[in-house]
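Colleague: Next up, protein-v1.cif (mmCIF, C-alpha atoms).
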```
data_my_file
#
loop_
_atom_site.group_PDB
_atom_site.id
_atom_site.type_symbol
_atom_site.label_atom_id
_atom_site.label_comp_id
_atom_site.auth_asym_id
_atom_site.auth_seq_id
_atom_site.Cartn_x
_atom_site.Cartn_y
_atom_site.Cartn_z
ATOM 1 C CA MET A 1 113.738 63.443 54.491
ATOM 2 C CA SER A 2 117.047 61.600 53.815
ATOM 3 C CA ILE A 3 117.396 57.875 54.298
ATOM 4 C CA HIS A 4 119.664 58.472 57.299
ATOM 5 C CA ARG A 5 117.153 60.818 58.908
ATOM 6 C CA GLY A 6 114.353 58.306 58.248
ATOM 7 C CA ILE A 7 116.309 55.521 59.892
ATOM 8 C CA ALA A 8 117.125 57.773 62.835
ATOM 9 C CA ALA A 9 113.451 58.696 63.265
ATOM 10 C CA LEU A 10 112.372 55.055 63.100
ATOM 11 C CA PHE A 11 115.047 54.117 65.614
ATOM 12 C CA GLY A 12 113.766 56.846 67.918
ATOM 13 C CA LEU A 13 110.227 55.485 67.703
ATOM 14 C CA ILE A 14 111.457 51.987 68.507
ATOM 15 C CA LEU A 15 113.333 53.282 71.557
ATOM 16 C CA ALA A 16 110.256 55.191 72.727
ATOM 17 C CA PHE A 17 108.063 52.112 72.293
ATOM 18 C CA ALA A 18 110.584 49.966 74.161
ATOM 19 C CA ALA A 19 110.667 52.465 77.001
ATOM 20 C CA THR A 20 106.889 52.421 77.235
ATOM 21 C CA GLN A 21 106.829 48.642 77.331
ATOM 22 C CA ALA A 22 109.533 48.598 79.996
ATOM 23 C CA GLN A 23 107.400 50.829 82.216
ATOM 24 C CA ALA A 24 104.246 48.734 81.766
ATOM 25 C CA ALA A 25 103.415 46.460 84.669
ATOM 26 C CA ASP A 26 101.248 43.452 85.454
ATOM 27 C CA ILE A 27 99.170 44.362 88.491
ATOM 28 C CA ASN A 28 97.568 41.630 90.587
ATOM 29 C CA VAL A 29 94.371 42.933 92.202
ATOM 30 C CA PHE A 30 92.558 41.077 94.996
ATOM 31 C CA SER A 31 89.091 42.574 95.321
ATOM 32 C CA SER A 32 85.749 42.083 97.024
ATOM 33 C CA THR A 33 82.986 40.768 94.770
ATOM 34 C CA ALA A 34 81.024 43.972 95.385
ATOM 35 C CA LEU A 35 83.414 45.938 93.168
ATOM 36 C CA LYS A 36 83.450 43.457 90.264
ATOM 37 C CA ALA A 37 81.055 45.342 87.965
ATOM 38 C CA VAL A 38 83.046 48.546 88.486
ATOM 39 C CA LEU A 39 86.371 46.852 87.791
ATOM 40 C CA ASP A 40 84.956 45.174 84.675
ATOM 41 C CA GLU A 41 84.338 48.635 83.200
ATOM 42 C CA LEU A 42 87.094 50.785 84.686
ATOM 43 C CA GLY A 43 89.799 48.110 84.431
ATOM 44 C CA PRO A 44 90.046 48.168 80.612
ATOM 45 C CA GLN A 45 89.998 51.983 80.688
ATOM 46 C CA PHE A 46 92.966 51.975 83.071
ATOM 47 C CA GLU A 47 94.835 49.460 80.921
ATOM 48 C CA LYS A 48 94.268 51.530 77.792
ATOM 49 C CA ALA A 49 95.351 54.768 79.471
ATOM 50 C CA THR A 50 98.496 53.383 81.116
ATOM 51 C CA GLY A 51 99.596 50.309 79.171
ATOM 52 C CA ASN A 52 99.552 48.300 82.399
ATOM 53 C CA LYS A 53 97.750 44.967 82.622
ATOM 54 C CA LEU A 54 95.386 43.982 85.411
ATOM 55 C CA ALA A 55 94.820 40.468 86.745
ATOM 56 C CA PHE A 56 91.835 40.167 89.079
ATOM 57 C CA THR A 57 91.137 37.722 91.872
ATOM 58 C CA ILE A 58 87.545 38.304 92.970
ATOM 59 C CA GLY A 59 85.676 36.931 95.972
ATOM 60 C CA PRO A 60 84.291 37.762 99.412
ATOM 61 C CA ALA A 61 86.486 40.316 101.185
ATOM 62 C CA ALA A 62 87.290 37.878 104.009
ATOM 63 C CA ALA A 63 88.375 35.250 101.488
ATOM 64 C CA MET A 64 90.654 37.775 99.762
ATOM 65 C CA LYS A 65 92.313 38.632 103.072
ATOM 66 C CA SER A 66 92.709 34.946 103.878
ATOM 67 C CA GLN A 67 94.527 34.299 100.593
ATOM 68 C CA ILE A 68 96.806 37.262 101.198
ATOM 69 C CA ASP A 69 97.533 36.071 104.756
ATOM 70 C CA GLN A 70 98.481 32.682 103.293
ATOM 71 C CA GLY A 71 101.081 34.294 101.063
ATOM 72 C CA ALA A 72 99.300 34.991 97.770
ATOM 73 C CA ALA A 73 101.181 37.483 95.612
ATOM 74 C CA PHE A 74 99.283 40.733 95.038
ATOM 75 C CA ASP A 75 99.828 44.394 94.259
ATOM 76 C CA VAL A 76 96.493 45.919 95.311
ATOM 77 C CA ALA A 77 93.980 44.751 97.915
ATOM 78 C CA ILE A 78 90.418 46.099 97.900
ATOM 79 C CA VAL A 79 88.495 44.923 100.956
ATOM 80 C CA THR A 80 86.571 46.389 103.882
ATOM 81 C CA PRO A 81 88.349 48.956 106.103
ATOM 82 C CA PRO A 82 88.660 46.601 109.127
ATOM 83 C CA LEU A 83 90.227 43.887 106.963
ATOM 84 C CA LEU A 84 92.570 46.414 105.376
ATOM 85 C CA GLU A 85 93.556 47.634 108.847
ATOM 86 C CA ALA A 86 94.392 44.050 109.767
ATOM 87 C CA LEU A 87 96.515 43.643 106.632
ATOM 88 C CA ALA A 88 98.344 46.865 107.486
ATOM 89 C CA ALA A 89 98.941 45.683 111.046
ATOM 90 C CA THR A 90 100.672 42.538 109.782
ATOM 91 C CA GLY A 91 102.758 44.443 107.244
ATOM 92 C CA LYS A 92 100.933 43.080 104.187
ATOM 93 C CA VAL A 93 99.929 46.506 102.809
ATOM 94 C CA ASP A 94 101.489 49.956 102.930
ATOM 95 C CA PRO A 95 99.214 51.948 105.282
ATOM 96 C CA THR A 96 100.166 55.245 103.641
ATOM 97 C CA THR A 97 98.465 54.127 100.405
ATOM 98 C CA ARG A 98 95.037 53.382 101.918
ATOM 99 C CA ALA A 99 92.051 55.066 100.274
ATOM 100 C CA VAL A 100 88.298 54.598 100.478
ATOM 101 C CA ILE A 101 87.124 53.640 96.988
ATOM 102 C CA ALA A 102 83.353 53.203 97.186
ATOM 103 C CA ARG A 103 80.380 52.003 99.173
ATOM 104 C CA SER A 104 77.237 50.089 98.287
ATOM 105 C CA ALA A 105 73.865 49.888 100.002
ATOM 106 C CA LEU A 106 72.226 46.603 100.947
ATOM 107 C CA GLY A 107 69.567 45.434 98.507
ATOM 108 C CA ILE A 108 67.214 42.528 97.835
ATOM 109 C CA SER A 109 67.143 40.775 94.484
ATOM 110 C CA VAL A 110 65.009 38.146 92.782
ATOM 111 C CA HIS A 111 65.278 36.113 89.604
ATOM 112 C CA ALA A 112 65.163 38.232 86.450
ATOM 113 C CA GLY A 113 61.599 38.319 85.133
ATOM 114 C CA ALA A 114 60.016 37.379 88.447
ATOM 115 C CA SER A 115 57.493 39.651 90.122
ATOM 116 C CA LYS A 116 59.305 42.159 92.313
ATOM 117 C CA PRO A 117 58.244 41.950 95.956
ATOM 118 C CA ASP A 118 57.591 45.109 97.963
ATOM 119 C CA VAL A 119 60.532 45.975 100.229
ATOM 120 C CA GLY A 120 59.975 49.727 100.389
ATOM 121 C CA THR A 121 58.834 49.939 104.024
ATOM 122 C CA ALA A 122 59.610 48.052 107.196
ATOM 123 C CA ASP A 123 56.231 46.309 107.187
ATOM 124 C CA ALA A 124 56.512 45.397 103.510
ATOM 125 C CA LEU A 125 60.070 44.118 103.962
ATOM 126 C CA LYS A 126 59.034 42.044 106.971
ATOM 127 C CA HIS A 127 56.095 40.554 105.071
ATOM 128 C CA THR A 128 58.290 39.736 102.041
ATOM 129 C CA LEU A 129 60.956 38.015 104.122
ATOM 130 C CA LEU A 130 58.467 35.998 106.158
ATOM 131 C CA ASN A 131 56.668 34.799 103.025
ATOM 132 C CA ALA A 132 59.786 33.881 101.057
ATOM 133 C CA LYS A 133 60.462 30.167 100.586
ATOM 134 C CA SER A 134 64.211 30.693 100.842
ATOM 135 C CA ILE A 135 66.588 33.573 101.556
ATOM 136 C CA GLY A 136 70.267 33.562 100.645
ATOM 137 C CA PHE A 137 73.316 35.644 101.435
ATOM 138 C CA ASN A 138 77.034 34.966 101.380
ATOM 139 C CA GLY A 139 78.233 33.304 104.553
ATOM 140 C CA GLN A 140 81.676 34.913 104.320
ATOM 141 C CA GLY A 141 80.525 38.245 102.967
ATOM 142 C CA ALA A 142 81.146 41.500 104.804
ATOM 143 C CA SER A 143 77.417 42.277 104.538
ATOM 144 C CA ARG A 144 76.413 39.308 106.688
ATOM 145 C CA ALA A 145 76.591 41.221 109.974
ATOM 146 C CA GLY A 146 74.353 44.003 108.638
ATOM 147 C CA ILE A 147 71.855 41.491 107.246
ATOM 148 C CA GLU A 148 71.582 39.598 110.508
ATOM 149 C CA ALA A 149 71.264 42.867 112.435
ATOM 150 C CA MET A 150 68.389 43.811 110.128
ATOM 151 C CA PHE A 151 66.611 40.514 110.856
ATOM 152 C CA ALA A 152 67.005 41.111 114.583
ATOM 153 C CA LYS A 153 65.768 44.699 114.366
ATOM 154 C CA LEU A 154 62.696 43.527 112.456
ATOM 155 C CA GLY A 155 62.094 40.969 115.202
ATOM 156 C CA ILE A 156 61.997 37.992 112.836
ATOM 157 C CA ALA A 157 65.484 36.465 113.188
ATOM 158 C CA ASN A 158 64.211 33.196 114.695
ATOM 159 C CA ASP A 159 61.348 32.924 112.193
ATOM 160 C CA LEU A 160 63.772 33.178 109.269
ATOM 161 C CA LYS A 161 66.350 30.635 110.444
ATOM 162 C CA PRO A 162 64.760 27.597 108.681
ATOM 163 C CA LYS A 163 64.740 29.326 105.283
ATOM 164 C CA ILE A 164 68.173 30.988 105.335
ATOM 165 C CA LYS A 165 70.925 29.600 103.106
ATOM 166 C CA LEU A 166 74.488 30.720 103.717
ATOM 167 C CA LEU A 167 76.034 30.784 100.271
ATOM 168 C CA GLN A 168 79.566 30.252 98.997
ATOM 169 C CA THR A 169 78.940 32.416 95.940
ATOM 170 C CA SER A 170 77.395 35.863 95.553
ATOM 171 C CA ALA A 171 73.714 35.959 96.517
ATOM 172 C CA PRO A 172 72.537 37.386 93.150
ATOM 173 C CA GLU A 173 74.242 34.486 91.359
ATOM 174 C CA ALA A 174 72.320 32.065 93.555
ATOM 175 C CA VAL A 175 68.986 33.752 92.893
ATOM 176 C CA ALA A 176 69.752 33.798 89.160
ATOM 177 C CA LYS A 177 70.302 30.020 89.238
ATOM 178 C CA GLY A 178 67.100 29.465 91.194
ATOM 179 C CA ASP A 179 68.916 28.234 94.297
ATOM 180 C CA VAL A 180 67.104 30.790 96.488
ATOM 181 C CA GLU A 181 63.974 32.909 96.078
ATOM 182 C CA LEU A 182 65.351 36.090 97.666
ATOM 183 C CA ALA A 183 68.947 37.251 97.755
ATOM 184 C CA LEU A 184 70.452 39.863 100.045
ATOM 185 C CA SER A 185 73.683 41.564 99.019
ATOM 186 C CA PRO A 186 75.273 44.894 98.190
ATOM 187 C CA ILE A 187 73.338 46.416 95.287
ATOM 188 C CA SER A 188 76.532 46.522 93.215
ATOM 189 C CA GLU A 189 76.591 42.703 93.183
ATOM 190 C CA VAL A 190 73.093 42.585 91.694
ATOM 191 C CA VAL A 191 74.127 44.845 88.819
ATOM 192 C CA ALA A 192 76.885 42.387 87.887
ATOM 193 C CA VAL A 193 74.528 39.405 87.400
ATOM 194 C CA SER A 194 72.289 39.364 84.319
ATOM 195 C CA GLY A 195 69.961 36.685 85.699
ATOM 196 C CA ALA A 196 69.046 38.698 88.783
ATOM 197 C CA GLN A 197 67.056 41.897 89.206
ATOM 198 C CA LEU A 198 66.906 44.352 92.069
ATOM 199 C CA ALA A 199 63.635 44.369 94.004
ATOM 200 C CA GLY A 200 64.839 47.412 95.890
ATOM 201 C CA PRO A 201 67.176 48.715 98.569
ATOM 202 C CA VAL A 202 66.536 47.974 102.220
ATOM 203 C CA PRO A 203 64.598 50.844 103.904
ATOM 204 C CA ALA A 204 66.788 53.560 105.404
ATOM 205 C CA ASP A 205 66.171 52.628 109.053
ATOM 206 C CA TYR A 206 67.419 49.089 108.364
ATOM 207 C CA GLN A 207 70.087 49.948 105.837
ATOM 208 C CA SER A 208 73.765 49.056 106.109
ATOM 209 C CA TYR A 209 76.550 49.940 103.721
ATOM 210 C CA LEU A 210 79.457 47.899 102.479
ATOM 211 C CA VAL A 211 82.505 50.172 102.349
ATOM 212 C CA LEU A 212 85.533 49.154 100.292
ATOM 213 C CA SER A 213 89.034 50.543 100.664
ATOM 214 C CA GLY A 214 92.178 49.821 98.689
ATOM 215 C CA ALA A 215 95.883 49.764 99.451
ATOM 216 C CA VAL A 216 99.133 48.774 97.788
ATOM 217 C CA ALA A 217 101.010 45.652 98.873
ATOM 218 C CA ALA A 218 103.968 46.489 101.079
ATOM 219 C CA GLY A 219 106.243 44.323 98.947
ATOM 220 C CA SER A 220 104.842 45.226 95.539
ATOM 221 C CA LYS A 221 107.394 45.463 92.729
ATOM 222 C CA ASN A 222 104.879 47.572 90.820
ATOM 223 C CA ALA A 223 104.049 50.056 93.568
ATOM 224 C CA GLY A 224 103.935 53.036 91.225
ATOM 225 C CA ALA A 225 101.445 51.404 88.873
ATOM 226 C CA ALA A 226 99.439 50.050 91.813
ATOM 227 C CA LYS A 227 99.155 53.538 93.326
ATOM 228 C CA ALA A 228 98.062 54.832 89.927
ATOM 229 C CA LEU A 229 95.228 52.282 89.863
ATOM 230 C CA ILE A 230 93.916 53.377 93.256
ATOM 231 C CA LYS A 231 94.132 57.011 92.159
ATOM 232 C CA PHE A 232 92.227 56.105 88.974
ATOM 233 C CA LEU A 233 89.449 54.343 90.898
ATOM 234 C CA THR A 234 89.038 57.262 93.313
ATOM 235 C CA ALA A 235 89.207 60.052 90.720
ATOM 236 C CA PRO A 236 86.091 62.209 90.142
ATOM 237 C CA SER A 237 85.872 60.772 86.619
ATOM 238 C CA ALA A 238 85.110 57.322 88.120
ATOM 239 C CA ALA A 239 82.029 58.566 89.990
ATOM 240 C CA THR A 240 79.641 58.107 87.060
ATOM 241 C CA VAL A 241 80.652 54.479 86.580
ATOM 242 C CA LEU A 242 80.348 53.797 90.310
ATOM 243 C CA LYS A 243 76.797 55.150 90.354
ATOM 244 C CA THR A 244 75.697 53.158 87.308
ATOM 245 C CA LYS A 245 77.059 50.023 88.998
ATOM 246 C CA GLY A 246 75.098 50.501 92.218
ATOM 247 C CA MET A 247 77.829 52.171 94.218
ATOM 248 C CA GLU A 248 78.662 55.602 95.607
ATOM 249 C CA PRO A 249 82.094 57.283 95.678
ATOM 250 C CA GLY A 250 83.886 56.831 98.981
#
```
Have the structure of the file written as structure tokens, please.

Modeller:
Amino acid sequence: MSIHRGIAALFGLILAFAATQAQAADINVFSSTALKAVLDELGPQFEKATGNKLAFTIGPAAAMKSQIDQGAAFDVAIVTPPLLEALAATGKVDPTTRAVIARSALGISVHAGASKPDVGTADALKHTLLNAKSIGFNGQGASRAGIEAMFAKLGIANDLKPKIKLLQTSAPEAVAKGDVELALSPISEVVAVSGAQLAGPVPADYQSYLVLSGAVAAGSKNAGAAKALIKFLTAPSAATVLKTKGMEPG
């Protein structure tokens, strides 16, 4: 190869690299805590495959919506369907980009290393809850309604009131720190906390699922990359990761 051809080839590579960098985007993702373990694994895979960079803001779905309503800049919102509908109604997200990403069953966790209580039947679950010294779940979390409905269906809502702690953080984090004896949350949140272990899912007749959907911000400057992220999270190839993180494909 001549010197001129070598220089031309190198120049071509530089132009190609520059073009790739120009197309890369920084994507701000506001997501429910329940999807954190999934995003921790699939996020780097998406970045590697596309060259885009992800910045996550993680918290209860209602808190994510509140920040968006207050004007926080974002490209993708991943919250519950009703909250996403509300964001669409106010023009915050593009309704044509909505997609169900995953769902997670309600589970009960205890401190890692502690004896796992029996929650496999209605009677066992009732006994475990009534004998617990303290029970915690997130006060803003989307699972709260399902948890309280479960207490009512078991007929022990009033009995549990003195021992319930409404948390500001995820329930598995609280049980890992020893703040509560039992934690109720989506199973996917338990997987994300090393100091907590799953005692088991709530029995089928008392089960409720947290469903998460995503959409692109109506004013996103990186709409193409944001749509690609949602497509990546809902692709068949993501199903294995979702299952290992305590979730099911949408």

Colleague: Quick check on the file I pasted: which residues fall under the PyMOL selection byres ((chain A and resi 210) around 6)? Write them as a compact mmCIF listing (two decimals) with C-alpha atoms, in the frame of the given file.

Modeller:
```txt
# COMPACT_ATOMS: atom_id res chain seq x y z
CA ARG A 103 80.38 52.00 99.17
CA SER A 104 77.24 50.09 98.29
CA TYR A 209 76.55 49.94 103.72
CA VAL A 211 82.50 50.17 102.35
```

Colleague: Starting from the displayed file, determine the output of the PyMOL selection byres ((chain A and resi 107) around 6) and express the residue list as a list in words.

Modeller: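 In the shown coordinates, the PyMOL selection byres ((chain A and resi 107) around 6) covers Leu106, Ile108, Leu184, Ser185, Pro186, Ile187, Gly200, Pro201 and Val202 of chain A.
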
Colleague: For the structure provided, state which residues fall under the PyMOL selection byres ((chain A and resi 117-127) around 10), and present them as a PyMOL selection string.

Modeller: chain A and resi 107-110+114-116+128-132+151+154-156+182+198-206

Colleague: Identify which of the residues A:Ala238, A:Pro162, A:Met247, A:Gln197 lies closest to A:Glu41, counting only C-alpha atoms when measuring atom-to-atom distances.

Modeller: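 Closest residue, counting only C-alpha atoms: A:Ala238.
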
Colleague: Of the residues A:Ala196, A:Ala183, A:Leu35, A:Leu167, which is the one nearest to A:Ala77, using all atoms listed in the file?

Modeller: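 Nearest candidate to A:Ala77 out of A:Ala196, A:Ala183, A:Leu35, A:Leu167: A:Leu35.
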
Colleague: If we count all atoms listed in the file, what is near stretch 36-40 of chain A at a cut-off of 12 Å, once residues fewer than 2 positions away on the same chain are taken out, given as a PyMOL selection string?

Modeller: chain A and resi 29-34+42-47+54-61+78-79+101-104+170+186-194+212+229-230+232-234+238-249

Colleague: What's around A:Ala223 at 10 Å? Count all atoms listed in the file, leave out sequence neighbours fewer than 2 positions away in its own chain, and write the answer as an NGL selection string.

Modeller: :A and (25 or 27 or 75-76 or 94 or 97 or 216-221 or 225-229)

Colleague: Looking at A:Val100, A:Ile68, A:Ala73, A:Ala112, which one is nearest to A:Ala86, with distances taken over all atoms listed in the file?

Modeller: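 The answer is A:Ile68, which sits nearest to A:Ala86.
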
Colleague: Between atom CA of A:Glu85 and atom CA of A:Ala62, what is the distance, to one decimal in Å?

Modeller: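 Rounded to one decimal, the two atoms are 12.6 Å apart.
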